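One file, my_file09.txt, carrying compact mmCIF, N, CA and C atoms:
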# COMPACT_ATOMS: atom_id res chain seq x y z
N GLN A 1 -27.29 19.38 -47.62
CA GLN A 1 -27.27 20.49 -48.57
C GLN A 1 -26.05 20.42 -49.47
N VAL A 2 -26.17 21.08 -50.60
CA VAL A 2 -25.08 21.16 -51.57
C VAL A 2 -24.78 22.63 -51.82
N GLN A 3 -23.51 22.98 -51.77
CA GLN A 3 -23.09 24.34 -52.07
C GLN A 3 -22.37 24.34 -53.41
N LEU A 4 -22.69 25.35 -54.23
CA LEU A 4 -22.09 25.49 -55.54
C LEU A 4 -21.44 26.87 -55.64
N VAL A 5 -20.20 26.91 -56.06
CA VAL A 5 -19.48 28.18 -56.18
C VAL A 5 -18.92 28.29 -57.58
N GLU A 6 -19.39 29.31 -58.31
CA GLU A 6 -18.94 29.54 -59.69
C GLU A 6 -17.74 30.49 -59.71
N SER A 7 -16.97 30.37 -60.76
CA SER A 7 -15.88 31.32 -61.01
C SER A 7 -15.59 31.35 -62.50
N GLY A 8 -14.88 32.38 -62.92
CA GLY A 8 -14.42 32.44 -64.30
C GLY A 8 -15.13 33.44 -65.19
N GLY A 9 -16.14 34.11 -64.68
CA GLY A 9 -16.80 35.11 -65.51
C GLY A 9 -15.93 36.33 -65.74
N GLY A 10 -16.39 37.20 -66.62
CA GLY A 10 -15.65 38.41 -66.88
C GLY A 10 -16.08 39.08 -68.16
N LEU A 11 -15.26 40.02 -68.60
CA LEU A 11 -15.52 40.77 -69.82
C LEU A 11 -14.62 40.25 -70.93
N VAL A 12 -15.22 39.99 -72.08
CA VAL A 12 -14.45 39.49 -73.21
C VAL A 12 -15.01 40.08 -74.49
N GLN A 13 -14.17 40.23 -75.49
CA GLN A 13 -14.65 40.73 -76.77
C GLN A 13 -15.33 39.62 -77.56
N ALA A 14 -16.20 40.01 -78.45
CA ALA A 14 -16.86 39.04 -79.31
C ALA A 14 -15.81 38.22 -80.05
N GLY A 15 -16.07 36.92 -80.13
CA GLY A 15 -15.12 36.01 -80.74
C GLY A 15 -14.15 35.40 -79.76
N GLY A 16 -14.11 35.92 -78.56
CA GLY A 16 -13.19 35.43 -77.55
C GLY A 16 -13.71 34.21 -76.81
N SER A 17 -12.96 33.80 -75.80
CA SER A 17 -13.28 32.61 -75.03
C SER A 17 -13.20 32.88 -73.54
N LEU A 18 -13.98 32.12 -72.80
CA LEU A 18 -13.93 32.10 -71.34
C LEU A 18 -14.20 30.68 -70.87
N ARG A 19 -13.68 30.34 -69.70
CA ARG A 19 -14.01 29.06 -69.10
C ARG A 19 -14.57 29.30 -67.70
N LEU A 20 -15.78 28.82 -67.50
CA LEU A 20 -16.41 28.90 -66.20
C LEU A 20 -16.17 27.60 -65.43
N SER A 21 -16.06 27.74 -64.12
CA SER A 21 -15.92 26.58 -63.24
C SER A 21 -16.97 26.65 -62.15
N CYS A 22 -17.38 25.49 -61.69
CA CYS A 22 -18.34 25.41 -60.58
C CYS A 22 -17.93 24.24 -59.69
N ALA A 23 -17.58 24.57 -58.46
CA ALA A 23 -17.17 23.54 -57.51
C ALA A 23 -18.32 23.24 -56.56
N ALA A 24 -18.61 21.97 -56.40
CA ALA A 24 -19.67 21.53 -55.50
C ALA A 24 -19.07 21.00 -54.20
N SER A 25 -19.75 21.28 -53.11
CA SER A 25 -19.34 20.76 -51.81
C SER A 25 -20.58 20.45 -50.98
N GLY A 26 -20.38 19.74 -49.89
CA GLY A 26 -21.51 19.38 -49.04
C GLY A 26 -21.94 17.95 -49.31
N SER A 27 -23.23 17.76 -49.47
CA SER A 27 -23.80 16.42 -49.68
C SER A 27 -23.66 16.00 -51.14
N ILE A 28 -22.45 15.67 -51.51
CA ILE A 28 -22.15 15.39 -52.92
C ILE A 28 -22.90 14.17 -53.43
N SER A 29 -23.27 13.28 -52.54
CA SER A 29 -24.00 12.08 -52.97
C SER A 29 -25.32 12.44 -53.63
N ARG A 30 -25.80 13.68 -53.40
CA ARG A 30 -27.06 14.11 -54.00
C ARG A 30 -26.86 14.68 -55.40
N VAL A 31 -25.62 14.71 -55.86
CA VAL A 31 -25.32 15.35 -57.15
C VAL A 31 -24.95 14.31 -58.18
N ASN A 32 -25.85 14.05 -59.11
CA ASN A 32 -25.56 13.18 -60.25
C ASN A 32 -25.47 14.00 -61.54
N VAL A 33 -26.25 15.06 -61.59
CA VAL A 33 -26.32 15.90 -62.79
C VAL A 33 -25.89 17.31 -62.42
N MET A 34 -25.06 17.90 -63.26
CA MET A 34 -24.66 19.28 -63.07
C MET A 34 -24.84 20.03 -64.37
N GLY A 35 -25.03 21.32 -64.26
CA GLY A 35 -25.25 22.07 -65.49
C GLY A 35 -25.09 23.55 -65.31
N TRP A 36 -25.30 24.24 -66.40
CA TRP A 36 -25.21 25.69 -66.44
C TRP A 36 -26.49 26.27 -67.04
N TYR A 37 -26.99 27.30 -66.40
CA TYR A 37 -28.09 28.09 -66.91
C TYR A 37 -27.60 29.53 -67.03
N ARG A 38 -28.33 30.33 -67.77
CA ARG A 38 -27.98 31.74 -67.86
C ARG A 38 -29.24 32.59 -67.90
N GLN A 39 -29.08 33.82 -67.43
CA GLN A 39 -30.20 34.76 -67.45
C GLN A 39 -29.68 36.13 -67.85
N ALA A 40 -30.18 36.60 -68.98
CA ALA A 40 -29.84 37.93 -69.46
C ALA A 40 -30.84 38.94 -68.90
N PRO A 41 -30.47 40.20 -68.85
CA PRO A 41 -31.40 41.21 -68.32
C PRO A 41 -32.72 41.21 -69.07
N GLY A 42 -33.82 41.14 -68.32
CA GLY A 42 -35.14 41.17 -68.92
C GLY A 42 -35.58 39.88 -69.56
N LYS A 43 -34.80 38.83 -69.40
CA LYS A 43 -35.15 37.55 -70.02
C LYS A 43 -35.26 36.46 -68.97
N GLN A 44 -35.91 35.38 -69.35
CA GLN A 44 -36.03 34.24 -68.44
C GLN A 44 -34.73 33.45 -68.39
N ARG A 45 -34.55 32.76 -67.27
CA ARG A 45 -33.39 31.90 -67.15
C ARG A 45 -33.54 30.74 -68.13
N GLU A 46 -32.46 30.37 -68.80
CA GLU A 46 -32.51 29.29 -69.77
C GLU A 46 -31.35 28.32 -69.56
N MET A 47 -31.60 27.06 -69.91
CA MET A 47 -30.58 26.05 -69.82
C MET A 47 -29.54 26.29 -70.89
N VAL A 48 -28.28 26.16 -70.52
CA VAL A 48 -27.17 26.27 -71.47
C VAL A 48 -26.63 24.88 -71.79
N ALA A 49 -26.30 24.14 -70.74
CA ALA A 49 -25.74 22.80 -70.93
C ALA A 49 -25.84 22.03 -69.63
N ILE A 50 -26.01 20.71 -69.75
CA ILE A 50 -26.02 19.85 -68.58
C ILE A 50 -25.18 18.62 -68.86
N ILE A 51 -24.70 17.99 -67.79
CA ILE A 51 -23.88 16.79 -67.94
C ILE A 51 -24.17 15.87 -66.76
N THR A 52 -24.32 14.59 -67.06
CA THR A 52 -24.54 13.60 -66.02
C THR A 52 -23.19 13.10 -65.50
N ASN A 53 -23.24 12.36 -64.39
CA ASN A 53 -21.97 11.84 -63.87
C ASN A 53 -21.40 10.77 -64.78
N GLY A 54 -22.20 10.28 -65.72
CA GLY A 54 -21.70 9.33 -66.72
C GLY A 54 -21.15 10.01 -67.96
N GLY A 55 -21.30 11.34 -68.02
CA GLY A 55 -20.74 12.07 -69.15
C GLY A 55 -21.71 12.40 -70.27
N THR A 56 -22.96 12.03 -70.12
CA THR A 56 -23.96 12.40 -71.13
C THR A 56 -24.24 13.89 -71.06
N THR A 57 -24.25 14.54 -72.23
CA THR A 57 -24.41 15.99 -72.25
C THR A 57 -25.63 16.40 -73.07
N ASN A 58 -26.10 17.60 -72.80
CA ASN A 58 -27.18 18.19 -73.56
C ASN A 58 -26.92 19.69 -73.61
N TYR A 59 -27.13 20.29 -74.79
CA TYR A 59 -26.84 21.70 -74.99
C TYR A 59 -28.05 22.43 -75.56
N ALA A 60 -28.14 23.69 -75.24
CA ALA A 60 -29.09 24.55 -75.92
C ALA A 60 -28.63 24.71 -77.37
N ASP A 61 -29.59 24.82 -78.28
CA ASP A 61 -29.25 24.96 -79.69
C ASP A 61 -28.37 26.18 -79.94
N SER A 62 -28.58 27.22 -79.16
CA SER A 62 -27.86 28.48 -79.39
C SER A 62 -26.37 28.39 -79.07
N VAL A 63 -25.96 27.36 -78.35
CA VAL A 63 -24.54 27.26 -77.98
C VAL A 63 -23.85 26.02 -78.56
N LYS A 64 -24.62 25.17 -79.23
CA LYS A 64 -24.02 23.96 -79.79
C LYS A 64 -22.89 24.32 -80.75
N GLY A 65 -21.78 23.61 -80.62
CA GLY A 65 -20.64 23.87 -81.48
C GLY A 65 -19.72 24.96 -80.97
N ARG A 66 -20.17 25.72 -79.97
CA ARG A 66 -19.35 26.80 -79.42
C ARG A 66 -18.98 26.55 -77.95
N PHE A 67 -19.89 25.98 -77.20
CA PHE A 67 -19.67 25.72 -75.78
C PHE A 67 -19.47 24.23 -75.54
N THR A 68 -18.63 23.92 -74.56
CA THR A 68 -18.40 22.53 -74.17
C THR A 68 -18.48 22.41 -72.66
N ILE A 69 -19.34 21.52 -72.20
CA ILE A 69 -19.43 21.25 -70.76
C ILE A 69 -18.63 20.00 -70.45
N SER A 70 -17.93 20.03 -69.33
CA SER A 70 -17.16 18.87 -68.90
C SER A 70 -17.19 18.79 -67.38
N ARG A 71 -16.72 17.67 -66.89
CA ARG A 71 -16.88 17.43 -65.45
C ARG A 71 -15.70 16.63 -64.94
N ASP A 72 -15.21 17.02 -63.77
CA ASP A 72 -14.18 16.27 -63.07
C ASP A 72 -14.83 15.72 -61.80
N ASN A 73 -15.25 14.47 -61.84
CA ASN A 73 -15.97 13.89 -60.71
C ASN A 73 -15.10 13.82 -59.46
N ALA A 74 -13.80 13.64 -59.64
CA ALA A 74 -12.90 13.56 -58.49
C ALA A 74 -12.84 14.88 -57.74
N LYS A 75 -13.01 15.98 -58.48
CA LYS A 75 -12.96 17.31 -57.88
C LYS A 75 -14.35 17.89 -57.65
N ASN A 76 -15.38 17.12 -58.03
CA ASN A 76 -16.77 17.62 -57.89
C ASN A 76 -16.92 18.98 -58.56
N THR A 77 -16.37 19.10 -59.73
CA THR A 77 -16.34 20.38 -60.43
C THR A 77 -16.84 20.20 -61.86
N VAL A 78 -17.63 21.15 -62.30
CA VAL A 78 -18.10 21.17 -63.68
C VAL A 78 -17.56 22.43 -64.35
N TYR A 79 -17.24 22.31 -65.62
CA TYR A 79 -16.66 23.41 -66.39
C TYR A 79 -17.55 23.72 -67.58
N LEU A 80 -17.47 24.96 -68.02
CA LEU A 80 -18.11 25.36 -69.26
C LEU A 80 -17.11 26.16 -70.07
N GLN A 81 -16.60 25.53 -71.12
CA GLN A 81 -15.68 26.21 -72.03
C GLN A 81 -16.52 26.91 -73.09
N MET A 82 -16.38 28.22 -73.16
CA MET A 82 -17.18 29.02 -74.09
C MET A 82 -16.26 29.65 -75.12
N ASN A 83 -16.44 29.27 -76.37
CA ASN A 83 -15.65 29.80 -77.47
C ASN A 83 -16.55 30.58 -78.42
N SER A 84 -15.93 31.36 -79.26
CA SER A 84 -16.66 32.16 -80.27
C SER A 84 -17.82 32.91 -79.62
N LEU A 85 -17.52 33.57 -78.54
CA LEU A 85 -18.58 34.25 -77.79
C LEU A 85 -19.19 35.39 -78.58
N LYS A 86 -20.49 35.58 -78.38
CA LYS A 86 -21.26 36.61 -79.06
C LYS A 86 -21.85 37.56 -78.02
N PRO A 87 -22.15 38.78 -78.42
CA PRO A 87 -22.77 39.71 -77.47
C PRO A 87 -24.04 39.15 -76.84
N GLU A 88 -24.78 38.34 -77.59
CA GLU A 88 -26.01 37.77 -77.05
C GLU A 88 -25.76 36.68 -76.00
N ASP A 89 -24.50 36.31 -75.80
CA ASP A 89 -24.17 35.38 -74.71
C ASP A 89 -24.02 36.11 -73.37
N THR A 90 -24.07 37.43 -73.40
CA THR A 90 -23.97 38.21 -72.17
C THR A 90 -25.11 37.86 -71.22
N ALA A 91 -24.75 37.46 -70.01
CA ALA A 91 -25.75 37.04 -69.02
C ALA A 91 -25.05 36.70 -67.71
N ASN A 92 -25.85 36.53 -66.69
CA ASN A 92 -25.37 35.87 -65.47
C ASN A 92 -25.48 34.37 -65.69
N TYR A 93 -24.41 33.67 -65.43
CA TYR A 93 -24.37 32.23 -65.62
C TYR A 93 -24.41 31.56 -64.25
N TYR A 94 -25.35 30.62 -64.13
CA TYR A 94 -25.58 29.95 -62.86
C TYR A 94 -25.29 28.46 -62.96
N CYS A 95 -24.61 27.95 -61.97
CA CYS A 95 -24.39 26.52 -61.85
C CYS A 95 -25.60 25.89 -61.18
N ASN A 96 -25.95 24.69 -61.65
CA ASN A 96 -27.14 24.00 -61.17
C ASN A 96 -26.80 22.54 -60.97
N ALA A 97 -27.36 21.89 -59.96
CA ALA A 97 -27.02 20.50 -59.70
C ALA A 97 -28.15 19.78 -59.00
N GLY A 98 -28.14 18.45 -59.13
CA GLY A 98 -29.13 17.65 -58.45
C GLY A 98 -29.01 16.18 -58.80
N ARG A 99 -29.99 15.41 -58.37
CA ARG A 99 -29.96 13.95 -58.56
C ARG A 99 -30.25 13.56 -60.00
N ALA A 100 -31.11 14.32 -60.66
CA ALA A 100 -31.52 13.97 -62.02
C ALA A 100 -31.85 15.24 -62.77
N THR A 101 -32.00 15.12 -64.08
CA THR A 101 -32.29 16.31 -64.90
C THR A 101 -33.62 16.94 -64.53
N THR A 102 -34.50 16.16 -63.95
CA THR A 102 -35.80 16.68 -63.52
C THR A 102 -35.82 17.05 -62.04
N LEU A 103 -34.69 16.93 -61.38
CA LEU A 103 -34.60 17.24 -59.95
C LEU A 103 -33.24 17.86 -59.68
N MET A 104 -33.15 19.16 -59.94
CA MET A 104 -31.89 19.88 -59.77
C MET A 104 -32.17 21.13 -58.95
N PRO A 105 -32.25 20.97 -57.64
CA PRO A 105 -32.68 22.08 -56.80
C PRO A 105 -31.56 23.00 -56.30
N TYR A 106 -30.30 22.63 -56.57
CA TYR A 106 -29.19 23.39 -56.01
C TYR A 106 -28.66 24.39 -57.03
N TRP A 107 -28.45 25.62 -56.56
CA TRP A 107 -28.02 26.70 -57.44
C TRP A 107 -26.84 27.45 -56.83
N GLY A 108 -25.93 27.89 -57.69
CA GLY A 108 -24.91 28.81 -57.26
C GLY A 108 -25.42 30.24 -57.32
N LYS A 109 -24.57 31.18 -56.93
CA LYS A 109 -24.99 32.58 -56.91
C LYS A 109 -24.81 33.26 -58.25
N GLY A 110 -24.09 32.63 -59.15
CA GLY A 110 -23.94 33.18 -60.48
C GLY A 110 -22.63 33.90 -60.70
N THR A 111 -22.23 33.93 -61.96
CA THR A 111 -21.05 34.69 -62.36
C THR A 111 -21.39 35.42 -63.66
N LEU A 112 -21.00 36.67 -63.75
CA LEU A 112 -21.40 37.51 -64.87
C LEU A 112 -20.43 37.35 -66.03
N VAL A 113 -21.00 37.12 -67.20
CA VAL A 113 -20.23 37.09 -68.45
C VAL A 113 -20.73 38.23 -69.33
N THR A 114 -19.82 39.08 -69.74
CA THR A 114 -20.16 40.20 -70.60
C THR A 114 -19.33 40.11 -71.87
N VAL A 115 -20.01 40.09 -73.00
CA VAL A 115 -19.33 40.00 -74.29
C VAL A 115 -19.56 41.31 -75.03
N SER A 116 -18.49 42.01 -75.30
CA SER A 116 -18.58 43.30 -76.00
C SER A 116 -18.45 43.11 -77.50
N SER A 117 -19.14 43.96 -78.23
CA SER A 117 -19.11 43.85 -79.70
C SER A 117 -17.97 44.67 -80.30
Render the structure in this file as structure tokens.
Amino acid sequence: QVQLVESGGGLVQAGGSLRLSCAASGSISRVNVMGWYRQAPGKQREMVAIITNGGTTNYADSVKGRFTISRDNAKNTVYLQMNSLKPEDTANYYCNAGRATTLMPYWGKGTLVTVSS
């Protein structure tokens, strides 16, 4: 099994920044791809950004140019730097991991990001 623990959420004003962290532990050999999803109240969970262990990234169109995903393989940790935050970025942010982009069964419990206008 793989355990994922997120941190770094909070309340920020529009235009501000936050950095989320997600530390993985357990069967790390099963983790090649890590990423972030988010779910706002009343909406479906959506992909925000993913990164492979080789550093290839993919972003949702809504966050391109504002969010940056990065990874420290030595620490088994993935980060999400969020800049120029907007009220519509308010959501629970979940860390996700797995062997491949089509096989990511491990989830964290989430961290809440609230952006005030």
Problem - Nearest candidate to Thr52 of chain A (options A:Gly35, A:Gly16, A:Gly65, A:Gly10; using all atoms listed in the file) - result: A:Gly35
Picked from chain A by DSSP as helix (DSSP H, G or I), as a compact mmCIF listing (two decimals) with N, CA and C atoms, in the frame of the given file:
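Result written to out-v4.txt:
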# COMPACT_ATOMS: atom_id res chain seq x y z
N ILE A 28 -22.45 15.67 -51.51
CA ILE A 28 -22.15 15.39 -52.92
C ILE A 28 -22.90 14.17 -53.43
N SER A 29 -23.27 13.28 -52.54
CA SER A 29 -24.00 12.08 -52.97
C SER A 29 -25.32 12.44 -53.63
N ARG A 30 -25.80 13.68 -53.40
CA ARG A 30 -27.06 14.11 -54.00
C ARG A 30 -26.86 14.68 -55.40
N PRO A 87 -22.15 38.78 -78.42
CA PRO A 87 -22.77 39.71 -77.47
C PRO A 87 -24.04 39.15 -76.84
N GLU A 88 -24.78 38.34 -77.59
CA GLU A 88 -26.01 37.77 -77.05
C GLU A 88 -25.76 36.68 -76.00
N ASP A 89 -24.50 36.31 -75.80
CA ASP A 89 -24.17 35.38 -74.71
C ASP A 89 -24.02 36.11 -73.37
Exercise for the section: Could you tell me which of A:Ser62, A:Gln39, A:Asn83, A:Val5 comes closest to Leu18 of chain A if we count only N, CA and C atoms? Expected result: A:Asn83
Exercise for the section: Identify, on the basis of all atoms listed in the file, every residue whose closest approach to Tyr59 of chain A does not exceed 6 Å; exclude the query and any residue fewer than 4 positions from it along the same chain; express the result as a PyMOL selection string. Expected result: chain A and resi 48-50+64
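Between atom CA of Tyr37 of chain A and atom C of Thr68 of chain A lies a distance of 12.6 Å.
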Exercise for the section: Would you please work out which residue, of A:Gln44, A:Thr90, A:Ser7, A:Ser117, is nearest to Cys22 of chain A when using only C-alpha atoms? Expected result: A:Ser7
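Separating atom CA of Asn32 of chain A from atom CA of Leu112 of chain A is a distance of 25.1 Å.
Distances from A:Val12, A:Ala97, A:Val33, A:Leu4 to Gly55 of chain A were compared using only C-alpha atoms, and the smallest one belongs to A:Val33.
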Exercise for the section: Please report, as JSON, numbers by chain, each residue of segment 15-91 of chain A to which DSSP assigns strand (DSSP E) when run on this structure's backbone. Expected result: {"A": [18, 19, 20, 21, 22, 23, 24, 25, 26, 33, 34, 35, 36, 37, 38, 39, 46, 47, 48, 49, 50, 51, 52, 57, 58, 59, 67, 68, 69, 70, 71, 72, 77, 78, 79, 80, 81, 82, 91]}
Problem - atom N of Gln81 of chain A to atom N of Thr101 of chain A, straight-line distance in Å - result: 19.9 Å
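Counting only N, CA and C atoms, Pro87 of chain A has the following residues at most 6.5 Å away, ignoring those fewer than 6 positions along the same chain: Ala14, Val115, Ser116 and Ser117 of chain A.
Summary of the local environment: counting all atoms listed in the file, residues at most 6.5 Å from Gly8 of chain A, other than itself and those fewer than 4 positions away along its chain, are Leu18, Arg19, Leu20 and Ser21 of chain A.
Distances from A:Gly98, A:Gly108, A:Pro41, A:Gly26 to Val2 of chain A were compared using only C-alpha atoms, and the smallest one belongs to A:Gly26.
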Taking all atoms of segment 66-83 of chain A that the file lists and extending 6 Å past them on each side, where is the centre of the axis-aligned box and how long are its edges? Answer in Å to one decimal, as lines of an AutoDock Vina configuration file.
center_x = -16.5
center_y = 22.1
center_z = -68.8
size_x = 19.3
size_y = 29.0
size_z = 34.3
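Compared by their closest atoms to Met82 of chain A, and using only C-alpha atoms, the residues A:Ser27, A:Thr102, A:Ser17, A:Ser70 rank with A:Ser17 nearest.
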Practice task
With a distance cut-off of 9 Å and only C-alpha atoms, select the neighbouring residues of Asn76 of chain A, excluding the residue or stretch itself and same-chain residues fewer than 5 positions from it, and output the selection as a list in words.
Solution key: Cys22, Ala23, Ala24, Ser25, Ile28, Val31 and Arg71 of chain A
